[in-house]
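Colleague: The structure that follows is given in the form of structure tokens.
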Amino acid sequence: MEITYASPSSTDFADGSSMPTSTRPVRIIPLQHPSTTSSSSSASSSTWAALSRWKSKVQSMTWVEWLEVFLPCTRWIRTYKWREYLQVDLMAGITVGVMLVPQSMSYAKLAGLEPIYGLYSGFVPLFVYAIFGSSRQLAVGPVALVSLLVSNVLSGIVDSSDELYTELAILLAFMVGVMECLLGLFRLGWIIRFISHSVISGFTTASAIVIALSQAKYFLGYNVARSSKIVPLIKSIISGADGFSWPPFVMGSVILAILLIMKHLGKTRKYLRFLRAAGPLTAVLSGTIFVKIFNPSSISLVGDIPQGLPSFSIPRAFGYATSLIPTALLITGVAILESVGIAKALAAKNGYELDSNQELFGLGVANIFGSFFSAYPTTGSFSRSAVNHESGAKSGLSGLVMGVLMGCALLFMTPLFEYIPQCALAAIVISAVIGLVDYEEAIFLWGVDKKDFLLWTITSTTTLFLGIEIGVLVGVGVSLAFVIHESANPHIAVLGRLPGTTVYRNTQQYPEAYTYNGIVIVRIDAPIYFANISYIKDRLREYEVEVDRSTSRGPEVERIYFVIIEMAPVTYIDSSAVQALKDLHQEYKLRDIQIAISNLNREVLMTLSRAGVVDLIGKEWYFVRVHDAVQVCLQHVQSLKETPKAADPSSEERLSPFQRLIKQRAEVAELESGSKDIDPQLEPLLSRKSS
């Protein structure tokens, strides 16, 4: 479309008026402005459209699809290939089950509970999750980090030898399950996305160090103070050095070395992959055989473990529920960040879709049912899930096999567990958490993003020295502060034209891009709202004053007459920003500066239209492309600097109307391409720098 713009005087173009002193055709793409009626009803219509789509989707669902919503296990049951999958699922379930039995006892000791409660936690939740969970490879059960959180909070309420300690751990499982179910049902799992990976990595690294030090007492042969802070742990280890005993230290160190070697060989050699899963069982068997043969009195044993399956009971001690809420929230956060993250990664590797909220609901139901059978909080395990995937698990049947194996251990094998050395269980815990010390992530962050490295350092340091709860709070607080700072101080770029094109890019990223005298083109790379509008206004004022004339082209003018705002990245604008835009327009108008806006999306344009900003600035100053805005603005700027050639119309008058039309169209084409090789004062849209 061709639109002929008249070049105005310097005092008139701020109002959008023009004077017919000279005309020149400028080809632009017209911007389609929404009507007032359509813009005012767009919000309600979009809401109704979303509701109608949801209603039609619900109405079109078959009974099979409804069954898959409430029982995700039906998805893999309906498509299960028995000949292909049964053998690998059985092998994967047995492999991980062998790994789970000793690990669950070790993590129960870490949580301050008797080993039997670790076995209970690895029994009922596995069956429930296989039915309600949507991941086919995730291995749920006790994990080190959750066990540390349980120990940390409950030890501050009651002594671990008290029966109330166990009741509170079971109550905590119920509370975590309820929170996970609520978050899953109301689809609120996205809230935890505000916690960055740097915070999680720093937190797990510090927690792994604390967990390893807390297990030192089983190696050293004397008691160490129970604490989630590194300083009291180290002080306690040093002060009790007089009670050091060599036998548990030597046995624990040998078993730990065996575990680490087997884990390393299992990771690096495909044909030795089974060693990774067999490590915990090897540690328990070797320790038990040694104790049975030599009967060393200085090595403490697990002791008597009740035989049989857990009985049904309702969680008690609800009077302490209020004090457990912060820890329940923290464990829920760990479940979302770790378990759901692992589950999604495994789903992507195995080629099926996974709903994060459905997964969270499945974990919640597993914890609720587990609490009715004496389980403490469980979630997905990194190591066991990895082994399950590497063993070829194809469905939730592998989880059922793990549960059956755990049931057999509870029914028939608990008398054998009496002779397991405590140092062997401690070695299992230490070998598991060594992999959580993520120093490689710190090195990576140092090289990629110093801000994220700072966040990692702050979180890990505060967790080590001030405790788990404070460490997480500080890490999350700093992470949110970074997010708010980035949002309140968005990136704003000054754009210039790439030579020989109609493309405009950041002049800092593309030094060859050139600007035009009298015009500033800026791009706002964020939504505009109350928190960042003041910063944006300040930057616009700076760009108006600080103009780099070394790369500017076109007519020589003394100041800025146009500010073109490229709003393609602006996905949202609120009422505060709209009012600030009105104020900015009035401020510019007093200084004879005109705002031009290009490349708005529909929602932002409708917001400005409803607020009256479109009419205030003028519809003619809204453009589809930056290049369109530049062409129109240059017409006005060029009229301020009339040249002798432009003032002499004799040659133009001698042309016939047909010749003038051909010349006019040729100028438009050259204007679009920026290739016209004439005096830059007459044609500022050139790829050649003006003299």
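Residue names in the structure tokens use chain letters A, B, ... in the order shown, residue numbers from 1 in each chain, and ligand numbers from 1 in the order shown.
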What lies within 7 Å of region 373-387 of chain A using only C-alpha atoms, ignoring chain neighbours under 5 positions off, as a compact mmCIF listing (two decimals) with N, CA and C atoms, in the first residue's frame?

Modeller:
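Saved to around_38.txt:
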```
# COMPACT_ATOMS: atom_id res chain seq x y z
N VAL A 96 16.47 -53.39 41.32
CA VAL A 96 16.27 -52.22 42.18
C VAL A 96 15.79 -52.64 43.57
N TYR A 117 11.20 -49.05 59.92
CA TYR A 117 10.34 -48.03 59.31
C TYR A 117 10.84 -47.65 57.91
N TYR A 120 9.21 -50.39 55.91
CA TYR A 120 7.79 -50.08 55.73
C TYR A 120 7.59 -49.01 54.65
N SER A 121 8.48 -48.00 54.65
CA SER A 121 8.37 -46.90 53.68
C SER A 121 8.68 -47.35 52.26
N GLN A 137 9.15 -45.41 35.11
CA GLN A 137 10.51 -45.79 35.54
C GLN A 137 10.89 -45.22 36.91
N LEU A 138 10.11 -44.27 37.43
CA LEU A 138 10.48 -43.65 38.71
C LEU A 138 10.39 -44.67 39.85
N ALA A 139 11.46 -44.74 40.65
CA ALA A 139 11.51 -45.64 41.80
C ALA A 139 11.33 -44.82 43.07
N VAL A 140 10.19 -44.98 43.73
CA VAL A 140 9.90 -44.21 44.94
C VAL A 140 10.35 -44.99 46.17
N GLY A 141 10.42 -44.27 47.28
CA GLY A 141 10.84 -44.86 48.54
C GLY A 141 11.63 -43.86 49.36
N PRO A 142 12.26 -44.29 50.43
CA PRO A 142 13.06 -43.38 51.26
C PRO A 142 14.26 -42.84 50.47
N VAL A 143 14.59 -41.57 50.69
CA VAL A 143 15.76 -40.97 50.06
C VAL A 143 16.54 -40.20 51.13
N ALA A 169 7.01 -38.60 62.58
CA ALA A 169 7.53 -38.92 61.24
C ALA A 169 6.42 -39.46 60.36
N ILE A 170 5.56 -40.31 60.92
CA ILE A 170 4.43 -40.86 60.15
C ILE A 170 3.42 -39.75 59.83
N LEU A 172 4.12 -36.66 59.45
CA LEU A 172 4.75 -35.83 58.42
C LEU A 172 4.51 -36.42 57.03
N ALA A 173 4.54 -37.74 56.92
CA ALA A 173 4.25 -38.39 55.63
C ALA A 173 2.83 -38.08 55.19
N VAL A 176 2.68 -34.33 54.06
CA VAL A 176 3.33 -34.17 52.75
C VAL A 176 2.43 -34.71 51.65
N ALA A 277 23.84 -51.67 41.05
CA ALA A 277 22.69 -52.05 41.86
C ALA A 277 23.06 -53.05 42.96
N PRO A 310 3.50 -54.41 57.78
CA PRO A 310 2.98 -53.35 58.67
C PRO A 310 1.47 -53.45 58.80
N SER A 311 0.97 -53.08 59.96
CA SER A 311 -0.47 -53.10 60.21
C SER A 311 -1.07 -51.72 59.93
N PHE A 312 -2.37 -51.69 59.66
CA PHE A 312 -3.06 -50.43 59.36
C PHE A 312 -3.25 -49.63 60.64
N SER A 313 -2.95 -48.32 60.57
CA SER A 313 -3.17 -47.43 61.72
C SER A 313 -3.30 -46.01 61.20
N ALA A 335 10.11 -32.85 46.43
CA ALA A 335 9.43 -33.84 45.59
C ALA A 335 9.14 -33.28 44.20
N SER A 339 11.77 -35.28 42.12
CA SER A 339 11.03 -36.44 41.62
C SER A 339 10.36 -36.15 40.28
N LEU A 363 2.38 -39.09 43.76
CA LEU A 363 3.30 -39.11 44.90
C LEU A 363 2.56 -38.81 46.20
N ASN A 367 2.16 -41.23 49.57
CA ASN A 367 2.54 -40.83 50.94
C ASN A 367 1.37 -40.96 51.91
```

Colleague: In region 357-532 of chain A, what's helix (DSSP H, G or I) per DSSP? Answer as an MDAnalysis selection string?

Modeller: chainID A and resid 357:371 382:390 397:417 422:434 439:448 450:466 468:488

Colleague: Can you list, as an MDAnalysis selection string, every protein, DNA or RNA residue that comes within 7 Å of region 507-519 of chain A when you count only C-alpha atoms, leaving out same-chain residues fewer than 3 positions away?

Modeller: chainID A and resid 494:499 551:557 559:563 637

Colleague: Could you tell me how far CA of Gly399 (chain A) lies from CA of Ala130 (chain A), in Å and to one decimal?

Modeller: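 According to the coordinates, CA of Gly399 (chain A) and CA of Ala130 (chain A) are separated by 6.1 Å.
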
Colleague: Looking at A:Trp76, A:Ile521, A:Leu31, A:Gln87, which one is nearest to Val401 (chain A), with distances taken over only C-alpha atoms?

Modeller: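 Going through A:Trp76, A:Ile521, A:Leu31, A:Gln87 one by one, the smallest distance to Val401 (chain A) is for A:Gln87.
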
Colleague: Pick out the residues sitting within 8 Å of Ile325 (chain A), and hand them over as a PyMOL selection string; count only C-alpha atoms, and ignore anything fewer than 4 positions along from it in its own chain.

Modeller: chain A and resi 175+321+329

Colleague: Put those residues in a file: C-alpha atoms, as a PDB file, in the first residue's frame.

Modeller:
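Written output follows (result_3.pdb):
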```
ATOM      1  CA  MET A 175       0.908 -33.999  55.678  1.00  0.00           C
ATOM      2  CA  ALA A 321       0.878 -30.520  62.848  1.00  0.00           C
ATOM      3  CA  LEU A 329       6.289 -27.706  52.489  1.00  0.00           C
TER       4      LEU A 329
END
```

Colleague: Can you work out which one of A:Ser395, A:Ser104, A:Asn223, A:Ser201 has the shortest atom-to-atom distance to Ile77 (chain A), counting only C-alpha atoms?

Modeller: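 Answer, going by the shortest atom-to-atom distance: A:Ser395.
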
Colleague: I'd like to know which of A:Glu469, A:Asp538, A:Asp449, A:Asp574 is closest to Ser228 (chain A), using only C-alpha atoms.

Modeller: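 Counting only C-alpha atoms, the residue closest to Ser228 (chain A) is A:Glu469.
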
Colleague: Just to confirm, what's the straight-line distance from CA of Ala278 (chain A) to CA of Leu425 (chain A) in Å (one decimal)?

Modeller: 14.2 Å

Colleague: So, counting only C-alpha atoms, which residue among A:Ile195, A:Leu145, A:Ile528, A:Leu188 is closest to Ser207 (chain A)?

Modeller: A:Leu145

Colleague: Just the residues within 12 Å of Ser323 (chain A), please, counting only C-alpha atoms, with nothing from its chain fewer than 2 positions along; format it as a PyMOL selection string.

Modeller: chain A and resi 153-154+156-157+168+171-172+175+317-321+325-329

Colleague: For a quick check of understanding, using only C-alpha atoms, which of A:Ala366, A:Leu600, A:Leu416, A:Leu464 has the smallest distance to Gly303 (chain A)?

Modeller: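 Closest candidate: A:Leu416.
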